[in-house]
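Listing of model.cif, mmCIF, C-alpha atoms and all ligand atoms
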```cif
data_work
loop_
_atom_site.group_PDB
_atom_site.id
_atom_site.type_symbol
_atom_site.label_atom_id
_atom_site.label_comp_id
_atom_site.auth_asym_id
_atom_site.auth_seq_id
_atom_site.Cartn_x
_atom_site.Cartn_y
_atom_site.Cartn_z
ATOM 1 C CA MET A 1 0.000 0.000 0.000
ATOM 2 C CA ARG A 2 1.452 3.287 -1.113
ATOM 3 C CA TYR A 3 0.411 6.815 -0.211
ATOM 4 C CA PRO A 4 -2.027 8.465 -2.663
ATOM 5 C CA LYS A 5 -0.359 10.453 -5.442
ATOM 6 C CA PRO A 6 -0.824 14.000 -3.993
ATOM 7 C CA PHE A 7 0.776 12.732 -0.807
ATOM 8 C CA ARG A 8 3.690 11.150 -2.706
ATOM 9 C CA ASP A 9 4.200 14.287 -4.797
ATOM 10 C CA LEU A 10 4.416 16.440 -1.710
ATOM 11 C CA ILE A 11 6.898 14.046 -0.088
ATOM 12 C CA THR A 12 9.064 14.431 -3.209
ATOM 13 C CA HIS A 13 8.858 18.237 -2.972
ATOM 14 C CA PHE A 14 9.688 18.380 0.726
ATOM 15 C CA SER A 15 12.515 15.813 0.446
ATOM 16 C CA ALA A 16 14.190 18.127 -2.043
ATOM 17 C CA LEU A 17 14.403 20.926 0.546
ATOM 18 C CA PRO A 18 17.697 21.616 2.332
ATOM 19 C CA SER A 19 18.144 19.477 5.478
ATOM 20 C CA VAL A 20 14.879 17.576 4.954
ATOM 21 C CA GLY A 21 15.212 13.834 4.409
ATOM 22 C CA PRO A 22 12.468 11.494 3.106
ATOM 23 C CA LYS A 23 11.347 10.467 6.624
ATOM 24 C CA MET A 24 11.028 14.072 7.756
ATOM 25 C CA ALA A 25 9.195 14.916 4.504
ATOM 26 C CA GLU A 26 6.722 12.145 5.242
ATOM 27 C CA ARG A 27 6.053 13.551 8.723
ATOM 28 C CA ILE A 28 5.568 17.077 7.322
ATOM 29 C CA VAL A 29 3.061 15.907 4.736
ATOM 30 C CA LEU A 30 1.159 13.905 7.339
ATOM 31 C CA TYR A 31 1.070 17.002 9.543
ATOM 32 C CA LEU A 32 -0.268 19.104 6.657
ATOM 33 C CA PHE A 33 -2.875 16.451 5.862
ATOM 34 C CA LYS A 34 -4.251 16.840 9.388
ATOM 35 C CA GLN A 35 -4.726 20.621 9.029
ATOM 36 C CA ASP A 36 -8.063 22.155 8.076
ATOM 37 C CA SER A 37 -8.523 23.269 4.476
ATOM 38 C CA GLU A 38 -8.453 26.992 5.323
ATOM 39 C CA LYS A 39 -4.946 26.622 6.747
ATOM 40 C CA LEU A 40 -3.857 24.639 3.706
ATOM 41 C CA THR A 41 -5.207 27.272 1.310
ATOM 42 C CA ASP A 42 -3.380 29.935 3.247
ATOM 43 C CA PHE A 43 -0.167 27.912 3.014
ATOM 44 C CA ALA A 44 -0.644 27.326 -0.735
ATOM 45 C CA GLU A 45 -1.240 31.042 -1.329
ATOM 46 C CA SER A 46 1.902 32.013 0.549
ATOM 47 C CA LEU A 47 3.895 29.549 -1.545
ATOM 48 C CA GLU A 48 2.396 30.894 -4.731
ATOM 49 C CA SER A 49 3.121 34.524 -3.851
ATOM 50 C CA LEU A 50 6.823 33.666 -3.480
ATOM 51 C CA GLY A 51 6.761 33.609 -7.271
ATOM 52 C CA SER A 52 5.954 37.325 -7.359
ATOM 53 C CA LEU A 53 9.193 38.184 -5.531
ATOM 54 C CA SER A 54 12.478 38.572 -7.343
ATOM 55 C CA PHE A 55 16.098 39.503 -6.744
ATOM 56 C CA CYS A 56 16.878 43.208 -6.342
ATOM 57 C CA THR A 57 18.455 44.285 -9.620
ATOM 58 C CA ARG A 58 21.155 46.195 -7.741
ATOM 59 C CA CYS A 59 22.175 44.119 -4.715
ATOM 60 C CA PHE A 60 20.407 40.759 -5.335
ATOM 61 C CA HIS A 61 18.618 40.779 -2.001
ATOM 62 C CA ILE A 62 14.942 39.744 -2.060
ATOM 63 C CA ALA A 63 12.755 42.447 -3.588
ATOM 64 C CA GLU A 64 9.072 43.022 -4.182
ATOM 65 C CA GLY A 65 9.778 45.346 -7.085
ATOM 66 C CA GLU A 66 12.868 46.189 -9.089
ATOM 67 C CA LEU A 67 14.837 47.382 -6.051
ATOM 68 C CA CYS A 68 14.772 45.997 -2.494
ATOM 69 C CA ASP A 69 13.724 48.139 0.481
ATOM 70 C CA ILE A 70 17.356 48.830 1.392
ATOM 71 C CA CYS A 71 18.445 49.980 -2.073
ATOM 72 C CA SER A 72 15.405 52.217 -2.414
ATOM 73 C CA ASP A 73 15.954 53.873 0.972
ATOM 74 C CA PRO A 74 17.627 57.287 0.369
ATOM 75 C CA LYS A 75 18.819 57.414 3.992
ATOM 76 C CA ARG A 76 21.216 54.488 3.520
ATOM 77 C CA ASP A 77 24.888 55.281 2.984
ATOM 78 C CA SER A 78 25.612 54.372 -0.633
ATOM 79 C CA LYS A 79 29.412 54.587 -0.237
ATOM 80 C CA THR A 80 29.686 51.530 2.029
ATOM 81 C CA VAL A 81 28.692 48.091 0.819
ATOM 82 C CA CYS A 82 28.571 44.923 2.872
ATOM 83 C CA VAL A 83 29.172 41.774 0.814
ATOM 84 C CA VAL A 84 27.294 38.694 2.019
ATOM 85 C CA GLU A 85 26.659 35.169 0.776
ATOM 86 C CA GLU A 86 22.857 34.957 0.959
ATOM 87 C CA PRO A 87 19.760 37.088 1.713
ATOM 88 C CA THR A 88 19.538 35.372 5.121
ATOM 89 C CA ASP A 89 22.779 37.166 6.053
ATOM 90 C CA VAL A 90 21.280 40.548 5.079
ATOM 91 C CA ILE A 91 18.352 39.874 7.390
ATOM 92 C CA ALA A 92 20.687 38.878 10.251
ATOM 93 C CA LEU A 93 22.891 41.974 9.834
ATOM 94 C CA GLU A 94 19.840 44.240 9.580
ATOM 95 C CA ARG A 95 18.555 42.771 12.822
ATOM 96 C CA SER A 96 21.767 43.921 14.529
ATOM 97 C CA GLY A 97 20.758 47.491 13.613
ATOM 98 C CA SER A 98 24.383 48.567 13.368
ATOM 99 C CA PHE A 99 24.919 48.906 9.634
ATOM 100 C CA ASN A 100 23.574 51.772 7.562
ATOM 101 C CA GLY A 101 25.158 51.061 4.193
ATOM 102 C CA ARG A 102 23.970 48.882 1.375
ATOM 103 C CA TYR A 103 24.558 45.206 0.608
ATOM 104 C CA HIS A 104 25.695 42.967 -2.208
ATOM 105 C CA VAL A 105 24.495 39.359 -2.141
ATOM 106 C CA LEU A 106 26.918 37.013 -3.913
ATOM 107 C CA GLY A 107 24.534 34.076 -4.015
ATOM 108 C CA GLY A 108 27.023 31.605 -2.519
ATOM 109 C CA THR A 109 30.762 31.126 -2.146
ATOM 110 C CA MET A 110 33.694 29.882 -4.150
ATOM 111 C CA ARG A 111 34.702 26.287 -3.505
ATOM 112 C CA PRO A 112 37.967 24.520 -4.223
ATOM 113 C CA GLY A 113 37.831 23.505 -7.868
ATOM 114 C CA ASN A 114 34.963 25.896 -8.580
ATOM 115 C CA SER A 115 35.833 29.367 -9.798
ATOM 116 C CA GLY A 116 32.491 30.748 -8.667
ATOM 117 C CA ASP A 117 31.317 31.820 -12.123
ATOM 118 C CA GLU A 118 27.731 31.846 -10.927
ATOM 119 C CA LEU A 119 28.497 34.338 -8.135
ATOM 120 C CA ARG A 120 27.595 38.005 -8.634
ATOM 121 C CA ILE A 121 31.203 39.162 -8.534
ATOM 122 C CA PRO A 122 31.203 40.935 -11.936
ATOM 123 C CA GLU A 123 28.076 42.808 -10.808
ATOM 124 C CA LEU A 124 29.881 43.869 -7.619
ATOM 125 C CA LEU A 125 32.850 45.185 -9.595
ATOM 126 C CA THR A 126 30.504 47.113 -11.876
ATOM 127 C CA ARG A 127 28.780 48.644 -8.849
ATOM 128 C CA ILE A 128 32.141 49.733 -7.429
ATOM 129 C CA ARG A 129 32.702 51.778 -10.576
ATOM 130 C CA THR A 130 29.230 53.132 -11.196
ATOM 131 C CA GLU A 131 28.129 53.849 -7.610
ATOM 132 C CA LYS A 132 31.423 55.358 -6.424
ATOM 133 C CA ILE A 133 31.644 52.906 -3.541
ATOM 134 C CA GLU A 134 34.466 53.704 -1.097
ATOM 135 C CA GLU A 135 34.447 50.850 1.390
ATOM 136 C CA VAL A 136 33.535 47.185 1.092
ATOM 137 C CA ILE A 137 32.965 45.099 4.220
ATOM 138 C CA LEU A 138 33.308 41.387 3.570
ATOM 139 C CA ALA A 139 30.725 39.666 5.750
ATOM 140 C CA LEU A 140 31.384 36.128 4.596
ATOM 141 C CA ASN A 141 31.012 33.132 6.865
ATOM 142 C CA PRO A 142 34.146 31.940 8.707
ATOM 143 C CA THR A 143 34.323 28.717 6.680
ATOM 144 C CA THR A 144 36.921 27.434 4.185
ATOM 145 C CA GLU A 145 34.680 28.549 1.307
ATOM 146 C CA GLY A 146 34.005 31.939 2.930
ATOM 147 C CA ASP A 147 37.750 32.460 3.461
ATOM 148 C CA LEU A 148 38.557 31.472 -0.120
ATOM 149 C CA THR A 149 35.977 33.922 -1.469
ATOM 150 C CA ALA A 150 37.130 36.711 0.866
ATOM 151 C CA LEU A 151 40.744 36.240 -0.249
ATOM 152 C CA TYR A 152 39.794 36.451 -3.911
ATOM 153 C CA LEU A 153 37.546 39.497 -3.437
ATOM 154 C CA LYS A 154 40.126 41.260 -1.289
ATOM 155 C CA LYS A 155 42.630 41.122 -4.132
ATOM 156 C CA ARG A 156 40.159 42.239 -6.783
ATOM 157 C CA LEU A 157 38.842 45.089 -4.640
ATOM 158 C CA ILE A 158 42.208 46.379 -3.498
ATOM 159 C CA ASP A 159 43.275 46.393 -7.168
ATOM 160 C CA ALA A 160 40.193 48.534 -7.808
ATOM 161 C CA GLY A 161 41.387 51.003 -5.147
ATOM 162 C CA ILE A 162 38.688 50.252 -2.586
ATOM 163 C CA ARG A 163 39.035 50.184 1.222
ATOM 164 C CA VAL A 164 38.356 46.586 2.234
ATOM 165 C CA SER A 165 37.591 45.171 5.674
ATOM 166 C CA ARG A 166 36.253 41.922 7.018
ATOM 167 C CA LEU A 167 33.947 41.190 9.953
ATOM 168 C CA ALA A 168 35.943 40.680 13.152
ATOM 169 C CA ARG A 169 36.794 37.118 14.070
ATOM 170 C CA GLY A 170 34.758 37.406 17.286
ATOM 171 C CA LEU A 171 32.211 35.541 15.256
ATOM 172 C CA ALA A 172 32.702 31.935 16.408
ATOM 173 C CA THR A 173 34.801 30.043 13.880
ATOM 174 C CA GLY A 174 32.489 27.965 11.739
ATOM 175 C CA GLY A 175 29.525 29.902 13.131
ATOM 176 C CA ASP A 176 27.267 31.228 10.409
ATOM 177 C CA ILE A 177 26.320 34.889 10.266
ATOM 178 C CA GLU A 178 22.661 34.021 9.975
ATOM 179 C CA TYR A 179 22.729 32.271 13.364
ATOM 180 C CA ALA A 180 24.804 34.860 15.238
ATOM 181 C CA ASP A 181 23.002 37.023 17.781
ATOM 182 C CA GLU A 182 22.581 40.770 17.297
ATOM 183 C CA ALA A 183 25.202 41.834 19.849
ATOM 184 C CA THR A 184 27.844 39.550 18.308
ATOM 185 C CA LEU A 185 27.125 40.899 14.831
ATOM 186 C CA ALA A 186 27.136 44.502 16.017
ATOM 187 C CA SER A 187 30.555 44.009 17.615
ATOM 188 C CA ALA A 188 31.908 42.071 14.593
ATOM 189 C CA LEU A 189 30.896 45.033 12.397
ATOM 190 C CA LYS A 190 32.285 47.651 14.749
ATOM 191 C CA ASN A 191 35.605 45.836 15.161
ATOM 192 C CA ARG A 192 35.972 44.883 11.508
ATOM 193 C CA GLU A 193 39.544 44.243 10.438
ATOM 194 C CA SER A 194 40.980 46.375 7.716
ATOM 195 C CA LEU A 195 42.452 44.283 4.889
ATOM 196 C CA GLY A 196 43.976 47.184 3.025
HETATM 197 ZN ZN ZN A 201 18.893 45.931 -3.178
#
```
Show me the file's structure as structure tokens.
Amino acid sequence: MRYPKPFRDLITHFSALPSVGPKMAERIVLYLFKQDSEKLTDFAESLESLGSLSFCTRCFHIAEGELCDICSDPKRDSKTVCVVEEPTDVIALERSGSFNGRYHVLGGTMRPGNSGDELRIPELLTRIRTEKIEEVILALNPTTEGDLTALYLKKRLIDAGIRVSRLARGLATGGDIEYADEATLASALKNRESLG
């Protein structure tokens, strides 16, 4: 006896999500099955409206229109840009309330044997020229991949004549930015290390 098709389809969808295995997917679908139809419709609508969001055309954070809320805010300092891996890092840094510049979301990191062609590095270099950016803060995770990416960007940015710094190491080694608390992030920003 197998699950009915809608059930199986949903298990396939959930199993494909990060950190969700087939057993966990099965439990999620069973949980959803037990919800009333109003809740399910609400859930389906939220999923569907994700499709109306896009990447900010300037910084690649999540946006409801062409530009994200941060890029369209005239009160943000446009001379300082914080480079992060993913939109989740933007949210975490914003929560710390201690950064008033703009962001650039790379969309991942470089890995050994992968030159990172899919990362938005060319777009960052274009922004440096066109937006007259003066300082770049590298807020990459303290992982091997984050370090590799930071090293590469540091060289490219210093060649472009930009002041470059990196979040202070107070951030626990291996600890992701998205999981760090506000006070830790605020201090990592304040005590950022100049790279040149
Ligand atoms: Zn933006």
Name all residues at most 12 Å from Arg95 (chain A) (count all atoms listed in the file; drop same-chain ones fewer than 3 positions away) and give them as number ranges by chain. A: 88-92, 98-100, 177-186
Sorted by chain and rising residue number, which residues of chain A lie within 10 Å of ligand ZN 201 (chain A), and what are their closest atom pairs and distances in Å to one decimal, counting all atoms listed in the file, as a tab-separated table?
```
residue	atom	partner	partner_atom	distance
A:Phe55	CA	A:ZN201	ZN	7.9
A:Cys56	CA	A:ZN201	ZN	4.6
A:Thr57	CA	A:ZN201	ZN	6.7
A:Arg58	CA	A:ZN201	ZN	5.1
A:Cys59	CA	A:ZN201	ZN	4.1
A:Phe60	CA	A:ZN201	ZN	5.8
A:His61	CA	A:ZN201	ZN	5.3
A:Ile62	CA	A:ZN201	ZN	7.4
A:Ala63	CA	A:ZN201	ZN	7.1
A:Gly65	CA	A:ZN201	ZN	9.9
A:Glu66	CA	A:ZN201	ZN	8.4
A:Leu67	CA	A:ZN201	ZN	5.2
A:Cys68	CA	A:ZN201	ZN	4.2
A:Asp69	CA	A:ZN201	ZN	6.7
A:Ile70	CA	A:ZN201	ZN	5.6
A:Cys71	CA	A:ZN201	ZN	4.2
A:Ser72	CA	A:ZN201	ZN	7.2
A:Asp73	CA	A:ZN201	ZN	9.4
A:Arg102	CA	A:ZN201	ZN	7.4
A:Tyr103	CA	A:ZN201	ZN	6.9
A:His104	CA	A:ZN201	ZN	7.5
A:Val105	CA	A:ZN201	ZN	8.7
```
Measuring atom to atom with all atoms listed in the file, identify which of A:Leu138, A:Leu30, A:Leu124, A:Leu189 is nearest to Ala160 (chain A). A:Leu124
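Straight-line separation from CA of Ile133 (chain A) to CA of Ala150 (chain A): 17.7 Å.
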Which residue out of A:Ile158, A:Ile11, A:Ala168, A:Leu148 has the minimum interatomic distance to Glu26 (chain A) when only C-alpha atoms are used?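 Among the listed residues, the smallest separation from Glu26 (chain A) belongs to A:Ile11.
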With the file shown as input, list the residues that the PyMOL selection byres (((chain A and resi 107-115) around 7) and not hetatm) selects, as a ChimeraX atom specification. /A:85-86,105-106,116-117,119-120,145-146,148-149
Counting all atoms listed in the file, select every polymer residue within 8 Å of (10.1, 16.6, -2.7) as defined in the file's coordinates, and provide the selection as a PyMOL selection string. chain A and resi 9-17+25
Residue with smallest distance to Leu140 (chain A) - pool A:Ile162, A:Gly97, A:Cys82, A:Ile128, counting only C-alpha atoms: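 Of all the options, A:Cys82 lies closest to Leu140 (chain A).
With only C-alpha atoms as the atoms that count, the residue of A:Leu47, A:Val81, A:Leu151, A:Leu93 with the shortest distance to Lys132 (chain A) is A:Val81.
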Provide an axis-aligned box for all listed atoms of region 42-58 of chain A, padding each side by 5 Å; report its centre and its edge lengths in Å to one decimal, as AutoDock Vina command-line options.
```
--center_x 8.9 --center_y 36.8 --center_z -3.2 --size_x 34.5 --size_y 28.9 --size_z 22.9
```
By how many Å are CA of Asn191 (chain A) and CA of Ser165 (chain A) apart? 9.7 Å
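Going from CA of Ile137 (chain A) over to CA of Leu167 (chain A), you cover 7.0 Å.
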Ranking A:Pro74, A:Glu118, A:Thr80, A:Lys190 by minimum distance to Glu131 (chain A) and counting all atoms listed in the file, which one comes first?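 Among A:Pro74, A:Glu118, A:Thr80, A:Lys190, it is A:Thr80 that comes nearest to Glu131 (chain A).
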Nearest-residue call for Glu134 (chain A), choices A:Gly51, A:Pro87, A:Gly161, A:Pro22, using all atoms listed in the file: A:Gly161
